[in-house]
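Quick notes on the structure that follows.
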Amino acid sequence: MKLTVAAPELVLRAVAVYLFVLILIRMSGKRQLGQMSATEFVALLLISNAVQNAMNGGDNSLGAGLILAVVLVAVSWAIAWINFRSRRIRSIFEGTPTLLIHKGKPVLANLKRELISEGELHTLLRKQGVHRFDMIKTAILESDGTITLERDDAVAALSKPLI
């Protein structure tokens, strides 16, 4: 198994590309894979293809591929461990929750920062069985892209059919 790029260089390249792509994806927002638009999904696929040669330095050998796979898994594990140990680092790599609705009203500045339109927010809420903003005390976009709701029970009770 002869490498055309030295193993330490492969390791350094893999770590650098991993961290760069992780930061790039973190900057793009808090969406889960299932919430990605077609353009975001295509961009992710193209990024993975674009950085492949940056990682392997032109070495397409089996050995280089195996080294890179081990390094990527190790870096992922190391970041998970660091996130577990440090709240500050966790907020950098995983982000922080964002309040989207407060007391039944959308927080427009936060929606704008997260690039979520009111129409898209309505869609996300309907998927959770909520049809009006005023039915919600708070809606929080979690750092993993999910939305957590605290319903306003008084308003929800008024909106139920009386049968």
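Quick note on naming: the chains in the structure tokens go A, B, ... in the order shown, residues restart at 1 in each chain, and ligands are numbered from 1 in order of appearance.
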If you count only C-alpha atoms, which residues fall within 10 Å of A:Thr96, apart from same-chain ones fewer than 5 positions away, as a ChimeraX atom specification? /A:30,90-91,141-144
Write out the residues from the selection above, keeping N, CA and C atoms, as a PDB file, in the first residue's frame.
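This went into selection35.pdb:
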ATOM      1  N   LYS A  30     -29.734  26.389  10.884  1.00  0.00           N
ATOM      2  CA  LYS A  30     -30.087  25.274  11.755  1.00  0.00           C
ATOM      3  C   LYS A  30     -31.146  24.393  11.118  1.00  0.00           C
ATOM      4  N   ARG A  90     -19.496  23.847  22.861  1.00  0.00           N
ATOM      5  CA  ARG A  90     -20.753  23.292  22.333  1.00  0.00           C
ATOM      6  C   ARG A  90     -21.566  24.385  21.647  1.00  0.00           C
ATOM      7  N   SER A  91     -21.612  25.571  22.239  1.00  0.00           N
ATOM      8  CA  SER A  91     -22.381  26.651  21.624  1.00  0.00           C
ATOM      9  C   SER A  91     -21.753  27.091  20.302  1.00  0.00           C
ATOM     10  N   LEU A 141     -36.553  27.379  17.956  1.00  0.00           N
ATOM     11  CA  LEU A 141     -35.769  26.624  16.986  1.00  0.00           C
ATOM     12  C   LEU A 141     -34.541  26.116  17.730  1.00  0.00           C
ATOM     13  N   GLU A 142     -34.493  24.807  17.935  1.00  0.00           N
ATOM     14  CA  GLU A 142     -33.387  24.205  18.677  1.00  0.00           C
ATOM     15  C   GLU A 142     -32.138  24.188  17.808  1.00  0.00           C
ATOM     16  N   SER A 143     -31.007  23.992  18.430  1.00  0.00           N
ATOM     17  CA  SER A 143     -29.743  24.023  17.698  1.00  0.00           C
ATOM     18  C   SER A 143     -29.630  22.886  16.686  1.00  0.00           C
ATOM     19  N   ASP A 144     -30.434  21.814  16.855  1.00  0.00           N
ATOM     20  CA  ASP A 144     -30.391  20.704  15.892  1.00  0.00           C
ATOM     21  C   ASP A 144     -31.389  20.881  14.746  1.00  0.00           C
TER      22      ASP A 144
END
I'd like the contact shell of A:Leu72 - 7 Å cut-off, only C-alpha atoms, skipping same-chain residues fewer than 4 positions apart - returned as number ranges by chain. A: 14, 68, 76
Could you go through chain A and tell me which residues DSSP, when run on the backbone, assigns to helix (DSSP H, G or I), listing them as a PyMOL selection string? chain A and resi 7-27+33-35+38-56+62-85+87-94+108-113+118-126+133-135+153-159
Report the distance between atom CA of A:Leu22 and atom CA of A:Gly145 in Å, rounded to one decimal place.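 Distance between the two atoms: 15.3 Å.
The shortest atom-to-atom distance to A:Asp134, with only C-alpha atoms taken into account, belongs to A:His122 out of A:Arg26, A:Lys2, A:Arg13, A:His122.
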List as a PyMOL selection string the protein and nucleic acid residues near A:Glu118, meaning an atom at most 12 Å away when only C-alpha atoms are counted, but skip any in the same chain fewer than 5 places from it. chain A and resi 100-101+105-112+123-125+132-133
